[in-house]
Amino acid sequence: SVVTVDREVTITGTAESMLVAVPNDGPYNGEYSSGTDKYVLNITAGATIQNLTVDSKDSAFGINVWSGTVSLEDVSSVNSAGAGFVLGGSATVSVDGITSDGCAWGGMNVDGASVTFADAASFEGIGSVYSEDSQSSTITLPQGYDANVEMTGTWSDRNTNYIGYYNDIDDLVTNYNDNRLTKNGAVIAINADVELNTDLTIESGTTMTIPSDVT
C-alpha cells in the first residue's frame, strides 16, 4: 500500500529508516498509471520529511509531492520505475541533502510545482531535474550554480517548454529516446567538462553548444 502524508507533520527517520515497495503487489507492477497509487510515498500537505530512504524496487514510482509547503531533508529515492522524485500540483518544495540512484526517468521531474535546492550537493546528488512544462513550473538551482548540462526547448510534440539540468551528458542521454537526441527545437548547452560513456546519436532539429574551453 501507499504511504500518504495528508497533514502538516514532521517525519524523522534514523540513518537506517526505509520505505520499501513490494514488487508485483497491488499497484507496484512497473506499469505507468495516472493515479497516485503507483508511488511509495505520496505527500499531499505541508510536511517535513527527514532522514529517510525510499526503495521502489524497480516496480513503483518513488516519491510524489503534490501540494503544500514541503521540506525534504536527507531523503533518498532509489530504484524508481519512473523519476526518483515527482513534484506536481501546487507544491512548494525545498530540498537539502537529497539523493537518488537507479531511477529509470532520472532524479526529479517537476510538473507544476516549485522547487528550491539548498546547495550544489543537493542537486548533484540526484543527477538531473527537469520539467516538461517550464511555464507552470519553477526550478531554482543554488545561487551562482550552473549545471554542467542544460537542455531547453522541445522534448516531444506535446512538451514544447521543456527545461532540464543535468550533472553529466550521460544523465541526459540514458533517460530519453533510446540514446537519440531527436527533439526538434531542443537546445543543449554543455557548460563544463563532461564525459560521455554511452552511445549518442544527434539527429536533425537538435542544437548543441559547447564553449571553446570545454572538452
# chains A, B, ... in the order shown; residues from 1 in each chain; ligands from 1
>>> select_by_dssp(residues="chain A", states="alpha helix (DSSP H)", output="ChimeraX atom specification")
/A:120-124,169-173
>>> select_by_dssp(residues="region 51-167 of chain A", states="strand (DSSP E or B)", output="ChimeraX atom specification")
/A:51-55,63-65,69-78,85-88,92-96,99-101,108-112,114-117,128-131,133,138-140,149-153,161-166
>>> closest_atom_pairs(of="region 22-107 of chain A", to="region 125-143 of chain A", cutoff="10 Å", atoms="only C-alpha atoms", output="tab-separated table")
residue	atom	partner	partner_atom	distance
A:Ser76	CA	A:Ile126	CA	8.8
A:Ser77	CA	A:Ile126	CA	8.9
A:Val78	CA	A:Ile126	CA	9.9
A:Ala83	CA	A:Val129	CA	9.3
A:Gly84	CA	A:Ile126	CA	8.2
A:Phe85	CA	A:Val129	CA	9.1
A:Val86	CA	A:Val129	CA	9.8
A:Leu87	CA	A:Ser137	CA	9.4
A:Gly88	CA	A:Ser137	CA	8.4
A:Gly89	CA	A:Ser137	CA	9.4
A:Ser90	CA	A:Ser137	CA	9.3
A:Ala91	CA	A:Ser137	CA	10.0
A:Thr92	CA	A:Thr138	CA	9.2
A:Val93	CA	A:Ile139	CA	9.9
A:Ser94	CA	A:Thr140	CA	9.6
A:Asp96	CA	A:Gly125	CA	9.8
A:Gly97	CA	A:Gly125	CA	7.4
A:Ile98	CA	A:Gly125	CA	6.2
A:Thr99	CA	A:Gly125	CA	4.4
A:Ser100	CA	A:Ile126	CA	4.7
A:Asp101	CA	A:Ile126	CA	7.1
A:Cys103	CA	A:Ile126	CA	9.5
A:Trp105	CA	A:Ser128	CA	9.3
A:Gly106	CA	A:Ser128	CA	5.9
A:Gly107	CA	A:Ile126	CA	4.7
>>> write_last_selection(atoms="all heavy atoms", output="compact mmCIF listing (two decimals), in the first residue's frame")
# COMPACT_ATOMS: atom_id res chain seq x y z
N SER A 76 16.40 10.02 0.35
CA SER A 76 16.93 9.33 -0.83
C SER A 76 15.83 8.51 -1.49
O SER A 76 15.03 7.87 -0.81
CB SER A 76 18.09 8.41 -0.42
OG SER A 76 18.63 7.75 -1.55
N SER A 77 15.77 8.56 -2.82
CA SER A 77 14.83 7.75 -3.59
C SER A 77 15.64 6.88 -4.55
O SER A 77 16.39 7.40 -5.38
CB SER A 77 13.86 8.63 -4.36
OG SER A 77 12.94 7.85 -5.11
N VAL A 78 15.49 5.56 -4.43
CA VAL A 78 16.30 4.65 -5.23
C VAL A 78 15.41 3.65 -5.97
O VAL A 78 14.31 3.32 -5.54
CB VAL A 78 17.33 3.89 -4.37
CG1 VAL A 78 18.28 4.88 -3.70
CG2 VAL A 78 16.66 3.01 -3.33
N ALA A 83 10.72 8.68 -12.28
CA ALA A 83 11.69 9.58 -11.65
C ALA A 83 11.76 9.28 -10.16
O ALA A 83 10.81 8.78 -9.56
CB ALA A 83 11.28 11.03 -11.87
N GLY A 84 12.89 9.60 -9.56
CA GLY A 84 13.02 9.37 -8.13
C GLY A 84 12.08 10.23 -7.32
O GLY A 84 11.46 9.76 -6.34
N PHE A 85 11.96 11.50 -7.71
CA PHE A 85 11.07 12.46 -7.06
C PHE A 85 10.17 13.07 -8.13
O PHE A 85 10.65 13.51 -9.17
CB PHE A 85 11.87 13.58 -6.39
CG PHE A 85 12.81 13.13 -5.30
CD1 PHE A 85 14.07 12.64 -5.62
CD2 PHE A 85 12.44 13.21 -3.96
CE1 PHE A 85 14.94 12.23 -4.62
CE2 PHE A 85 13.31 12.79 -2.96
CZ PHE A 85 14.56 12.31 -3.29
N VAL A 86 8.88 13.12 -7.86
CA VAL A 86 7.92 13.78 -8.75
C VAL A 86 7.24 14.89 -7.97
O VAL A 86 6.59 14.64 -6.95
CB VAL A 86 6.86 12.79 -9.29
CG1 VAL A 86 5.86 13.53 -10.16
CG2 VAL A 86 7.52 11.67 -10.08
N LEU A 87 7.40 16.13 -8.43
CA LEU A 87 6.82 17.29 -7.76
C LEU A 87 5.79 17.91 -8.69
O LEU A 87 6.12 18.31 -9.81
CB LEU A 87 7.90 18.32 -7.41
CG LEU A 87 9.19 17.79 -6.77
CD1 LEU A 87 10.12 18.95 -6.45
CD2 LEU A 87 8.88 16.98 -5.51
N GLY A 88 4.54 18.00 -8.24
CA GLY A 88 3.50 18.49 -9.13
C GLY A 88 2.47 19.32 -8.40
O GLY A 88 2.66 19.74 -7.25
N GLY A 89 1.34 19.53 -9.08
CA GLY A 89 0.24 20.27 -8.48
C GLY A 89 0.65 21.67 -8.08
O GLY A 89 1.28 22.40 -8.86
N SER A 90 0.37 22.03 -6.83
CA SER A 90 0.67 23.37 -6.33
C SER A 90 1.76 23.34 -5.26
O SER A 90 1.89 24.28 -4.48
CB SER A 90 -0.60 24.00 -5.75
OG SER A 90 -1.12 23.19 -4.70
N ALA A 91 2.53 22.28 -5.21
CA ALA A 91 3.51 22.11 -4.14
C ALA A 91 4.65 23.13 -4.25
O ALA A 91 5.09 23.50 -5.33
CB ALA A 91 4.09 20.70 -4.18
N THR A 92 5.11 23.58 -3.08
CA THR A 92 6.32 24.39 -2.96
C THR A 92 7.30 23.59 -2.12
O THR A 92 7.04 23.30 -0.95
CB THR A 92 6.02 25.74 -2.29
OG1 THR A 92 5.08 26.47 -3.09
CG2 THR A 92 7.29 26.56 -2.15
N VAL A 93 8.42 23.22 -2.73
CA VAL A 93 9.29 22.23 -2.10
C VAL A 93 10.70 22.79 -1.96
O VAL A 93 11.25 23.38 -2.90
CB VAL A 93 9.34 20.94 -2.95
CG1 VAL A 93 10.17 19.87 -2.25
CG2 VAL A 93 7.92 20.43 -3.23
N SER A 94 11.29 22.59 -0.79
CA SER A 94 12.70 22.88 -0.58
C SER A 94 13.42 21.57 -0.32
O SER A 94 12.89 20.69 0.36
CB SER A 94 12.91 23.84 0.59
OG SER A 94 12.41 23.29 1.80
N ASP A 96 17.22 19.58 0.58
CA ASP A 96 18.56 19.72 1.16
C ASP A 96 19.11 18.33 1.44
O ASP A 96 18.51 17.57 2.20
CB ASP A 96 18.48 20.53 2.46
CG ASP A 96 19.86 20.90 3.00
OD1 ASP A 96 20.87 20.48 2.41
OD2 ASP A 96 19.91 21.61 4.02
N GLY A 97 20.19 17.98 0.77
CA GLY A 97 20.81 16.70 1.03
C GLY A 97 20.09 15.50 0.43
O GLY A 97 20.26 14.39 0.92
N ILE A 98 19.29 15.71 -0.63
CA ILE A 98 18.58 14.59 -1.23
C ILE A 98 19.48 13.86 -2.23
O ILE A 98 20.40 14.44 -2.80
CB ILE A 98 17.28 15.03 -1.93
CG1 ILE A 98 17.57 15.93 -3.13
CG2 ILE A 98 16.35 15.71 -0.94
CD1 ILE A 98 16.37 16.21 -3.99
N THR A 99 19.19 12.58 -2.44
CA THR A 99 19.93 11.78 -3.41
C THR A 99 18.97 10.84 -4.13
O THR A 99 17.88 10.56 -3.64
CB THR A 99 21.04 10.95 -2.75
OG1 THR A 99 20.45 10.04 -1.80
CG2 THR A 99 22.05 11.83 -2.05
N SER A 100 19.40 10.36 -5.29
CA SER A 100 18.66 9.33 -6.00
C SER A 100 19.65 8.42 -6.70
O SER A 100 20.77 8.83 -7.01
CB SER A 100 17.66 9.91 -7.01
OG SER A 100 18.36 10.51 -8.08
N ASP A 101 19.22 7.20 -6.99
CA ASP A 101 20.09 6.26 -7.68
C ASP A 101 19.23 5.18 -8.32
O ASP A 101 18.25 4.73 -7.74
CB ASP A 101 21.08 5.63 -6.69
CG ASP A 101 22.10 4.75 -7.39
OD1 ASP A 101 22.76 5.23 -8.32
OD2 ASP A 101 22.23 3.57 -7.01
N CYS A 103 17.17 5.28 -10.89
CA CYS A 103 15.79 5.67 -11.23
C CYS A 103 15.67 5.80 -12.76
O CYS A 103 16.44 6.52 -13.39
CB CYS A 103 15.41 6.98 -10.55
SG CYS A 103 15.45 6.87 -8.74
N TRP A 105 13.72 7.26 -14.92
CA TRP A 105 13.47 8.53 -15.60
C TRP A 105 14.22 9.69 -14.98
O TRP A 105 13.80 10.84 -15.08
CB TRP A 105 11.97 8.84 -15.61
CG TRP A 105 11.15 7.84 -16.36
CD1 TRP A 105 11.60 6.86 -17.20
CD2 TRP A 105 9.73 7.71 -16.34
NE1 TRP A 105 10.56 6.13 -17.70
CE2 TRP A 105 9.39 6.63 -17.18
CE3 TRP A 105 8.71 8.40 -15.68
CZ2 TRP A 105 8.07 6.22 -17.39
CZ3 TRP A 105 7.40 7.99 -15.88
CH2 TRP A 105 7.09 6.92 -16.74
N GLY A 106 15.33 9.41 -14.36
CA GLY A 106 16.15 10.47 -13.80
C GLY A 106 15.79 10.80 -12.36
O GLY A 106 14.95 10.17 -11.73
N GLY A 107 16.48 11.84 -11.84
CA GLY A 107 16.35 12.15 -10.43
C GLY A 107 15.05 12.80 -10.03
O GLY A 107 14.37 12.35 -9.11
>>> residues_around(residues="Ile11 (chain A)", least_positions_apart="4", cutoff="9 Å", atoms="only C-alpha atoms", output="ChimeraX atom specification")
/A:47-52
>>> write_last_selection(atoms="all heavy atoms", output="CSV table (one decimal), in the first residue's frame")
chain,number,residue,atom,x,y,z
A,47,ALA,N,4.6,19.3,4.9
A,47,ALA,CA,5.2,18.3,5.8
A,47,ALA,C,6.8,18.5,5.7
A,47,ALA,O,7.3,19.0,4.7
A,47,ALA,CB,4.8,16.9,5.4
A,48,THR,N,7.4,18.0,6.7
A,48,THR,CA,8.9,17.9,6.6
A,48,THR,C,9.3,16.4,6.7
A,48,THR,O,8.8,15.7,7.7
A,48,THR,CB,9.5,18.7,7.8
A,48,THR,OG1,9.2,20.1,7.6
A,48,THR,CG2,11.0,18.5,7.8
A,49,ILE,N,10.0,15.9,5.8
A,49,ILE,CA,10.5,14.6,5.8
A,49,ILE,C,12.0,14.6,5.9
A,49,ILE,O,12.7,15.2,5.1
A,49,ILE,CB,10.1,13.8,4.5
A,49,ILE,CG1,8.6,14.1,4.2
A,49,ILE,CG2,10.4,12.3,4.6
A,49,ILE,CD1,7.6,13.5,5.2
A,50,GLN,N,12.5,13.8,6.9
A,50,GLN,CA,13.9,13.9,7.2
A,50,GLN,C,14.5,12.4,7.3
A,50,GLN,O,13.8,11.5,7.8
A,50,GLN,CB,14.2,14.6,8.5
A,50,GLN,CG,13.7,16.0,8.5
A,50,GLN,CD,13.8,16.6,9.9
A,50,GLN,OE1,13.5,16.0,10.9
A,50,GLN,NE2,14.1,17.9,10.0
A,51,ASN,N,15.7,12.2,6.8
A,51,ASN,CA,16.5,11.0,7.1
A,51,ASN,C,15.7,9.8,6.7
A,51,ASN,O,15.4,8.9,7.5
A,51,ASN,CB,16.9,10.9,8.6
A,51,ASN,CG,17.7,12.1,9.0
A,51,ASN,OD1,18.5,12.7,8.3
A,51,ASN,ND2,17.5,12.6,10.3
A,52,LEU,N,15.3,9.7,5.5
A,52,LEU,CA,14.5,8.5,5.0
A,52,LEU,C,15.0,8.1,3.6
A,52,LEU,O,15.3,8.9,2.8
A,52,LEU,CB,13.0,8.9,4.9
A,52,LEU,CG,12.0,7.8,4.5
A,52,LEU,CD1,12.0,6.7,5.6
A,52,LEU,CD2,10.7,8.5,4.3
>>> atom_distance(atom1="CA of Asp55 (chain A)", atom2="CA of Lys38 (chain A)")
12.8 Å
>>> decode(residues="region 161-175 of chain A", atoms="all heavy atoms", output="PDB file, in the first residue's frame")
ATOM      1  N   ASN A 161       7.878  23.205 -23.892  1.00  0.00           N
ATOM      2  CA  ASN A 161       8.502  24.139 -22.958  1.00  0.00           C
ATOM      3  C   ASN A 161       9.393  23.398 -21.969  1.00  0.00           C
ATOM      4  O   ASN A 161       9.409  23.670 -20.786  1.00  0.00           O
ATOM      5  CB  ASN A 161       7.432  24.925 -22.194  1.00  0.00           C
ATOM      6  CG  ASN A 161       6.551  25.736 -23.122  1.00  0.00           C
ATOM      7  OD1 ASN A 161       7.045  26.561 -23.884  1.00  0.00           O
ATOM      8  ND2 ASN A 161       5.255  25.502 -23.057  1.00  0.00           N
ATOM      9  N   TYR A 162      10.152  22.455 -22.496  1.00  0.00           N
ATOM     10  CA  TYR A 162      10.998  21.612 -21.663  1.00  0.00           C
ATOM     11  C   TYR A 162      12.190  22.405 -21.134  1.00  0.00           C
ATOM     12  O   TYR A 162      12.753  23.257 -21.823  1.00  0.00           O
ATOM     13  CB  TYR A 162      11.509  20.436 -22.493  1.00  0.00           C
ATOM     14  CG  TYR A 162      12.324  19.429 -21.721  1.00  0.00           C
ATOM     15  CD1 TYR A 162      11.729  18.277 -21.220  1.00  0.00           C
ATOM     16  CD2 TYR A 162      13.681  19.624 -21.494  1.00  0.00           C
ATOM     17  CE1 TYR A 162      12.473  17.348 -20.508  1.00  0.00           C
ATOM     18  CE2 TYR A 162      14.426  18.703 -20.791  1.00  0.00           C
ATOM     19  CZ  TYR A 162      13.818  17.572 -20.303  1.00  0.00           C
ATOM     20  OH  TYR A 162      14.547  16.659 -19.602  1.00  0.00           O
ATOM     21  N   ILE A 163      12.578  22.109 -19.884  1.00  0.00           N
ATOM     22  CA  ILE A 163      13.836  22.601 -19.352  1.00  0.00           C
ATOM     23  C   ILE A 163      14.416  21.519 -18.451  1.00  0.00           C
ATOM     24  O   ILE A 163      13.685  20.876 -17.684  1.00  0.00           O
ATOM     25  CB  ILE A 163      13.684  23.939 -18.603  1.00  0.00           C
ATOM     26  CG1 ILE A 163      15.053  24.491 -18.210  1.00  0.00           C
ATOM     27  CG2 ILE A 163      12.766  23.789 -17.392  1.00  0.00           C
ATOM     28  CD1 ILE A 163      15.000  25.932 -17.750  1.00  0.00           C
ATOM     29  N   GLY A 164      15.702  21.271 -18.568  1.00  0.00           N
ATOM     30  CA  GLY A 164      16.325  20.244 -17.753  1.00  0.00           C
ATOM     31  C   GLY A 164      17.747  20.611 -17.402  1.00  0.00           C
ATOM     32  O   GLY A 164      18.455  21.261 -18.183  1.00  0.00           O
ATOM     33  N   TYR A 165      18.165  20.216 -16.208  1.00  0.00           N
ATOM     34  CA  TYR A 165      19.524  20.440 -15.731  1.00  0.00           C
ATOM     35  C   TYR A 165      20.123  19.089 -15.353  1.00  0.00           C
ATOM     36  O   TYR A 165      19.480  18.286 -14.674  1.00  0.00           O
ATOM     37  CB  TYR A 165      19.522  21.366 -14.514  1.00  0.00           C
ATOM     38  CG  TYR A 165      18.865  22.704 -14.748  1.00  0.00           C
ATOM     39  CD1 TYR A 165      17.542  22.924 -14.379  1.00  0.00           C
ATOM     40  CD2 TYR A 165      19.574  23.752 -15.335  1.00  0.00           C
ATOM     41  CE1 TYR A 165      16.938  24.149 -14.591  1.00  0.00           C
ATOM     42  CE2 TYR A 165      18.977  24.989 -15.552  1.00  0.00           C
ATOM     43  CZ  TYR A 165      17.659  25.178 -15.176  1.00  0.00           C
ATOM     44  OH  TYR A 165      17.062  26.397 -15.395  1.00  0.00           O
ATOM     45  N   TYR A 166      21.387  18.875 -15.737  1.00  0.00           N
ATOM     46  CA  TYR A 166      21.991  17.555 -15.573  1.00  0.00           C
ATOM     47  C   TYR A 166      23.431  17.681 -15.090  1.00  0.00           C
ATOM     48  O   TYR A 166      24.154  18.612 -15.478  1.00  0.00           O
ATOM     49  CB  TYR A 166      21.973  16.792 -16.905  1.00  0.00           C
ATOM     50  CG  TYR A 166      20.595  16.637 -17.476  1.00  0.00           C
ATOM     51  CD1 TYR A 166      20.050  17.626 -18.294  1.00  0.00           C
ATOM     52  CD2 TYR A 166      19.814  15.532 -17.161  1.00  0.00           C
ATOM     53  CE1 TYR A 166      18.766  17.499 -18.802  1.00  0.00           C
ATOM     54  CE2 TYR A 166      18.530  15.402 -17.665  1.00  0.00           C
ATOM     55  CZ  TYR A 166      18.015  16.393 -18.478  1.00  0.00           C
ATOM     56  OH  TYR A 166      16.730  16.278 -18.969  1.00  0.00           O
ATOM     57  N   ASN A 167      23.864  16.699 -14.279  1.00  0.00           N
ATOM     58  CA  ASN A 167      25.254  16.646 -13.856  1.00  0.00           C
ATOM     59  C   ASN A 167      26.184  16.336 -15.014  1.00  0.00           C
ATOM     60  O   ASN A 167      27.291  16.853 -15.100  1.00  0.00           O
ATOM     61  CB  ASN A 167      25.446  15.552 -12.790  1.00  0.00           C
ATOM     62  CG  ASN A 167      25.044  16.003 -11.405  1.00  0.00           C
ATOM     63  OD1 ASN A 167      24.827  17.184 -11.164  1.00  0.00           O
ATOM     64  ND2 ASN A 167      24.942  15.054 -10.503  1.00  0.00           N
ATOM     65  N   ASP A 168      25.726  15.454 -15.902  1.00  0.00           N
ATOM     66  CA  ASP A 168      26.600  14.988 -16.971  1.00  0.00           C
ATOM     67  C   ASP A 168      25.756  14.660 -18.196  1.00  0.00           C
ATOM     68  O   ASP A 168      24.541  14.499 -18.095  1.00  0.00           O
ATOM     69  CB  ASP A 168      27.377  13.746 -16.525  1.00  0.00           C
ATOM     70  CG  ASP A 168      28.778  13.699 -17.116  1.00  0.00           C
ATOM     71  OD1 ASP A 168      28.959  14.202 -18.249  1.00  0.00           O
ATOM     72  OD2 ASP A 168      29.677  13.170 -16.451  1.00  0.00           O
ATOM     73  N   ILE A 169      26.397  14.560 -19.338  1.00  0.00           N
ATOM     74  CA  ILE A 169      25.664  14.244 -20.558  1.00  0.00           C
ATOM     75  C   ILE A 169      25.040  12.856 -20.466  1.00  0.00           C
ATOM     76  O   ILE A 169      23.958  12.606 -20.994  1.00  0.00           O
ATOM     77  CB  ILE A 169      26.590  14.352 -21.798  1.00  0.00           C
ATOM     78  CG1 ILE A 169      25.774  14.283 -23.091  1.00  0.00           C
ATOM     79  CG2 ILE A 169      27.695  13.333 -21.760  1.00  0.00           C
ATOM     80  CD1 ILE A 169      24.915  15.492 -23.353  1.00  0.00           C
ATOM     81  N   ASP A 170      25.670  11.941 -19.749  1.00  0.00           N
ATOM     82  CA  ASP A 170      25.101  10.600 -19.596  1.00  0.00           C
ATOM     83  C   ASP A 170      23.752  10.648 -18.892  1.00  0.00           C
ATOM     84  O   ASP A 170      22.856   9.860 -19.190  1.00  0.00           O
ATOM     85  CB  ASP A 170      26.049   9.689 -18.812  1.00  0.00           C
ATOM     86  CG  ASP A 170      27.215   9.221 -19.652  1.00  0.00           C
ATOM     87  OD1 ASP A 170      27.127   9.329 -20.892  1.00  0.00           O
ATOM     88  OD2 ASP A 170      28.199   8.748 -19.077  1.00  0.00           O
ATOM     89  N   ASP A 171      23.616  11.565 -17.911  1.00  0.00           N
ATOM     90  CA  ASP A 171      22.349  11.679 -17.186  1.00  0.00           C
ATOM     91  C   ASP A 171      21.219  12.087 -18.119  1.00  0.00           C
ATOM     92  O   ASP A 171      20.063  11.713 -17.917  1.00  0.00           O
ATOM     93  CB  ASP A 171      22.464  12.701 -16.053  1.00  0.00           C
ATOM     94  CG  ASP A 171      23.405  12.243 -14.958  1.00  0.00           C
ATOM     95  OD1 ASP A 171      23.329  11.060 -14.580  1.00  0.00           O
ATOM     96  OD2 ASP A 171      24.213  13.053 -14.487  1.00  0.00           O
ATOM     97  N   LEU A 172      21.542  12.872 -19.140  1.00  0.00           N
ATOM     98  CA  LEU A 172      20.545  13.260 -20.136  1.00  0.00           C
ATOM     99  C   LEU A 172      20.283  12.139 -21.131  1.00  0.00           C
ATOM    100  O   LEU A 172      19.135  11.752 -21.375  1.00  0.00           O
ATOM    101  CB  LEU A 172      21.015  14.510 -20.878  1.00  0.00           C
ATOM    102  CG  LEU A 172      20.253  14.902 -22.155  1.00  0.00           C
ATOM    103  CD1 LEU A 172      18.801  15.222 -21.841  1.00  0.00           C
ATOM    104  CD2 LEU A 172      20.940  16.089 -22.827  1.00  0.00           C
ATOM    105  N   VAL A 173      21.338  11.572 -21.678  1.00  0.00           N
ATOM    106  CA  VAL A 173      21.213  10.644 -22.800  1.00  0.00           C
ATOM    107  C   VAL A 173      20.491   9.358 -22.407  1.00  0.00           C
ATOM    108  O   VAL A 173      19.601   8.876 -23.121  1.00  0.00           O
ATOM    109  CB  VAL A 173      22.599  10.318 -23.374  1.00  0.00           C
ATOM    110  CG1 VAL A 173      22.502   9.197 -24.396  1.00  0.00           C
ATOM    111  CG2 VAL A 173      23.202  11.564 -24.010  1.00  0.00           C
ATOM    112  N   THR A 174      20.850   8.775 -21.284  1.00  0.00           N
ATOM    113  CA  THR A 174      20.348   7.441 -20.961  1.00  0.00           C
ATOM    114  C   THR A 174      18.883   7.422 -20.556  1.00  0.00           C
ATOM    115  O   THR A 174      18.260   6.365 -20.538  1.00  0.00           O
ATOM    116  CB  THR A 174      21.173   6.806 -19.829  1.00  0.00           C
ATOM    117  OG1 THR A 174      21.150   7.670 -18.679  1.00  0.00           O
ATOM    118  CG2 THR A 174      22.610   6.608 -20.267  1.00  0.00           C
ATOM    119  N   ASN A 175      18.301   8.583 -20.280  1.00  0.00           N
ATOM    120  CA  ASN A 175      16.918   8.606 -19.804  1.00  0.00           C
ATOM    121  C   ASN A 175      15.887   8.829 -20.902  1.00  0.00           C
ATOM    122  O   ASN A 175      14.692   8.684 -20.652  1.00  0.00           O
ATOM    123  CB  ASN A 175      16.744   9.697 -18.743  1.00  0.00           C
ATOM    124  CG  ASN A 175      17.425   9.331 -17.444  1.00  0.00           C
ATOM    125  OD1 ASN A 175      17.478   8.163 -17.080  1.00  0.00           O
ATOM    126  ND2 ASN A 175      17.975  10.316 -16.772  1.00  0.00           N
TER     127      ASN A 175
END
